[in-house]
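Visitor: Attaching a single structure in structure tokens format; questions to follow.
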Amino acid sequence: MRNIVYITAFASLLLGALPCHALDFTDQGEYLGSSDCLACHERFYELWSNSHHGKAMEAFSVSLAKTLEPMKEPLQIGDEKFFVEFDEGGGILKGISACGEEKTWRLRLSFGGRNVRYFLIPMDKGKLQVAPLAYYVHQREWYDATGSMVRDFQDEGPQDEALHWTDRQLTFNTSCHDCHVSQLEKNYNPEDDSYTTTWKEAGINCETCHGPAEAHVKAAEEALAKGEELKSDDLKLLRFHEDLDMAQRDATCGPCHAKGVMLTSDFTPGELFFNHYDLTSYEDRDFWPDGRDLGENYTQTGWMANPCANSGQLECIHCHTSSGRFRFADEPNKACLPCHQKRVDNILTHSHHAASNNVACIDCHMPTTAQAFMSRSDHTFRPPSPSATLEFGSPNACNLCHHDKDAIMGDYKGHQKENVEWADKHVKEWFGKDSGITIIEQGRIVKACRQNDWDKLPEILAYLDDPNCDPAAAVAILRLLINCPYPEKWPAIRKQLENKHEWVRATAASSLQYDNTPEATKALLKAAADKFRTVRIRAAGSLLTRNLTGYSEEEQKAYEQAHAEYWNSLIIGPDRWSTHYNQGVYYDRIGEAEKSLAAYEKSLTLRDDVIQPMINASMVYARSGDSTNAYALLQKAFKIEPENPMVNFNLALMEAEFKNLEAAEKHLRTTLEFDPQMAQAAYNLGVLLLQKDNNEGFQWLHTAARLVPENWNYLSAYIYFLSQANRTAEIEAALKEAVASGRAAPEAYFALIANYQRESRIAEAIEICKKAKLNKNLPMDAKRHAAQMEQRLRDGGM
């Protein structure tokens with residue numbers, strides 16, 4: 001589960017419904033706790049108190065221990081052994097290290113309960129840590145908590161690995177507090193990295209959604225004393241149905257059901273999700289390219305791809321009660337009414353299953369899978385697509401039910417090809433050969449972006465305007481386009497600033513950080529005044545280093561206000577390493593090296609095993625001429641991730657600076673082994689080898705020129721060394737290859753034209769002039785010069 005989220009120095013991390021401002025809860029008084037609701041709302045209290053929301057956190061009591069199966073023997077996790085023992089206080093965790101040292105911790109709290117139970121133990125400085133042992137409710141078994149969290153990636157990227165149970169990502173105060181207790185005060189002290197965390201009530205209580213109850217209880221008691229009923233206009237309490245619209249109600253559920261990025265710390269019911277959060281999408285390996293969920297239960301991302309939700313006709317509480325229960329457990333097909341009455345009435349015909357199978361709509365459109373023994377259902381509502389399984393490896397409802405029940409618990413290797421082909425054959429016979437084609441198209445586009453297959457850029461950019469491109473897919477594409485080196489992407493990204501969805505607009509604004517054209521600046525200034533805070537924050541981040549002199553007073557004021565929101569988003573969560581890392585990026589971008597280094601150093605005090613602050617800090621040191629500190633940080637990063645391409649590349653540059661050419665060569669080769677697309681590494685390795693008269697260098701310079709034909713430095717170096725080696729016949733081939741790519745630098749066209757002129761191959765020179773003047777990727781002055789050269793050649797001049 002080693003999945004650390006950050007914003008690098010090179011890549012920063014929507015018009016929908018009108019955003020509503022936070023409701024003012026001042027008149028509602030103080031928070032009291034759900035017990036004060038019991039006197040008047042006994043039925044709802046009973047429903048809530050036994051729900052998974054009500055039991056999102058519980059004390060580890062004797063009564064709770066009685067519901068658990070006692071452990072028979074210690075469980076080995078790595079080189080440690082652990083054992084849970086019940087006693088008169090509830091239970092204790094015993095640990096034995098590899099050297100035989102014993103430790104004991106009191107089990108204080110339990111959270112979860114529907115599928116699994118995790119447990120919290122007190123550690124030093126007020127930290128509450130997730131225990132190394134967890135409990136699988138359905139099989140009544142104890143198991144390795146972090147080992148179960150390892151994700152079964154089905155691609156060619158690095159495999160996941162388990163965190164140690166003491167990792168800070170498993171510290172409750174730091175990472176997982178907001179969704180398991182109510183009215184929490186973190187009370188973090190940055191001076192000594194300690195907590196005095198408190199909360200009003202365990203679990204998600206009534207006041208989490210309805211606001212403070214003090215004024216409401218007082219008004220109810222006064223009405224009762226008078227023998228009157230409390231009037232609806234004097235409730236002094238937020239009514240979830242009557243006072244909030246559909247978007248606001250969904251937004252109240254969103255933060256606890258999302259893999260999100262917190263941008264403020266003051267979300268309250270009544271506000272909208274993208275005024276306080278950003279959200280992970282299919283750019284992350286926690287999702288298959290077709291959008292199926294591989295990691296934890298990230299419902300919000302799937303919900304953003306749900307056609308029923310996107311149409312504005314479906315909300316969370318249509319299917320779920322406020323306590324999280326499924327309203328239609330006894331008759332699940334009623335959840336699809338009234339919109340799909342015809343299909344519900346003809347479910348056997350539509351599903352092609354016999355009545356004896358008792359198939360429900362959700363069996364096919366919301367298949368259940370699991371991660372870390374936590375089951376979840378697919379909230380995209382997409383139809384089964386075995387063809388997507390064949391292409392991407394993602395699960396599908398047909399095979400989950402018929403052949404591969406192990407996949408329900410996260411093991412997808414059981415999806416046998418012959419079984420999937422069997423399901424694909426039936427689905428296409430029933431619903432047509434194009435069944436699932438929209439899912440396949442999206443998956444192919446996202447996969448191409450993930451693999452940096454920019455030869456498909458025209459199709460990728462066109463898909464952004466496709467009606468089937470939902471917000472989640474658009475966001476993933478825009479984020480992955482940050483790796484695309486081709487400038488024709490910019491107009492398409494700028495266009496997405498006008499997208500109807502605030503999430504897409506925010507992502508487009510973030511992606512435009514490296515588009516320094518006046519058109520981008522103008523568009524970003526407009527985005528800085530967007531109705532949604534997330535859009536404004538992302539726009540301010542992209543505008544940070546731009547000169548706004550000459551723009552209107554209104555535009556500059558919008559930027560200043562958005563910048564204040566942007567900065568505020570960088571200082572919440574002072575107990576997270578990423579907060580200080582992002583501040584380091586901020587200061588680095590505006591040229592404040594000392595503040596940048598201080599922020600990176602603070603980041604590393606909170607987590608000393610992440611390499612991003614080390615890499616960035618080393619660059620700051622290097623630019624300031626401090627090669628010693630730059631090198632030391634890179635060496636430290638190398639010990640942590642010896643195969644990391646960026647670490648190896650920067651170490652290679654440092655070693656070359658120190659004249660350690662053998663070490664530089666070794667690091668460059670490692671860089672290219674793990675990132676064959678890094679043209680800078682290929683270029684540097686090529687030059688280094690050719691300076692040693694190693695002809696292998698030609699191969700690497702050719703690779704660099706082929707990877708980035710628009711970089712004339714790469715191609716000109718290749719041509720220079722070919723010329724020095726009297727391999728002149730290969731020069732023309734290299735120039736022709738670059739021009740044929742359609743992305744060559746202007747110099748490549750003119751060098752090839754000059755070569756043809758020297759050999760009196762005028763007709764061929766004219767053809768290259770024509771290609772240059774018609775190439776949309778060349779600057780206008782280059783195209784104008786090509787046109788003038790063509791005319792001179794036609795007129796017989798040289």
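So you can find residues: chains in the structure tokens are A, B, ... in the order shown, residues in each start at 1, and ligands are numbered from 1 in order.
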With the cut-off set at 12 Å and counting only C-alpha atoms, tabulate each residue of range 478-543 of chain A with an atom at most that distance from an atom of range 296-318 of chain A, showing the nearest atom pair and its distance in Å to one decimal, ordered by chain and increasing number, as JSON lines.

Guide:
{"residue": "A:Lys500", "atom": "CA", "partner": "A:Asn310", "partner_atom": "CA", "distance": 11.2}
{"residue": "A:His501", "atom": "CA", "partner": "A:Asn310", "partner_atom": "CA", "distance": 9.8}
{"residue": "A:Glu502", "atom": "CA", "partner": "A:Met304", "partner_atom": "CA", "distance": 11.4}
{"residue": "A:Trp503", "atom": "CA", "partner": "A:Met304", "partner_atom": "CA", "distance": 9.4}
{"residue": "A:Val504", "atom": "CA", "partner": "A:Met304", "partner_atom": "CA", "distance": 10.8}

Visitor: What's around Pro70 in chain A at 9 Å? Count only C-alpha atoms, leave out sequence neighbours fewer than 6 positions away in its own chain, and write the answer as a list in words.

Guide: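 In the requested form, the answer reads Val84, Glu85, Phe86, Glu141 and Trp142 of chain A.
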
Visitor: Neighbours of Glu655 in chain A within 12 Å (only C-alpha atoms; same-chain residues fewer than 5 positions away dropped), as number ranges by chain?

Guide: A: 627-628, 630-632, 634-635, 648-650, 660-668, 688

Visitor: Using only C-alpha atoms, which of the listed residues (A:Asp588, A:Glu594, A:Asp465, A:Asp293) sits closest to Thr369 in chain A?

Guide: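 Smallest separation from Thr369 in chain A among the options: A:Asp293.
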
Visitor: What gap, in Å, lies between CA of Gly291 in chain A and CA of Asn396 in chain A?

Guide: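 Rounded to one decimal, the two atoms are 11.8 Å apart.
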
Visitor: Between A:Ile766, A:Ala729, A:Ala131, A:Ile347, single out the one closest to Phe83 in chain A, counting only C-alpha atoms.

Guide: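 Once distances to Phe83 in chain A are computed over only C-alpha atoms, the minimum belongs to A:Ala131.
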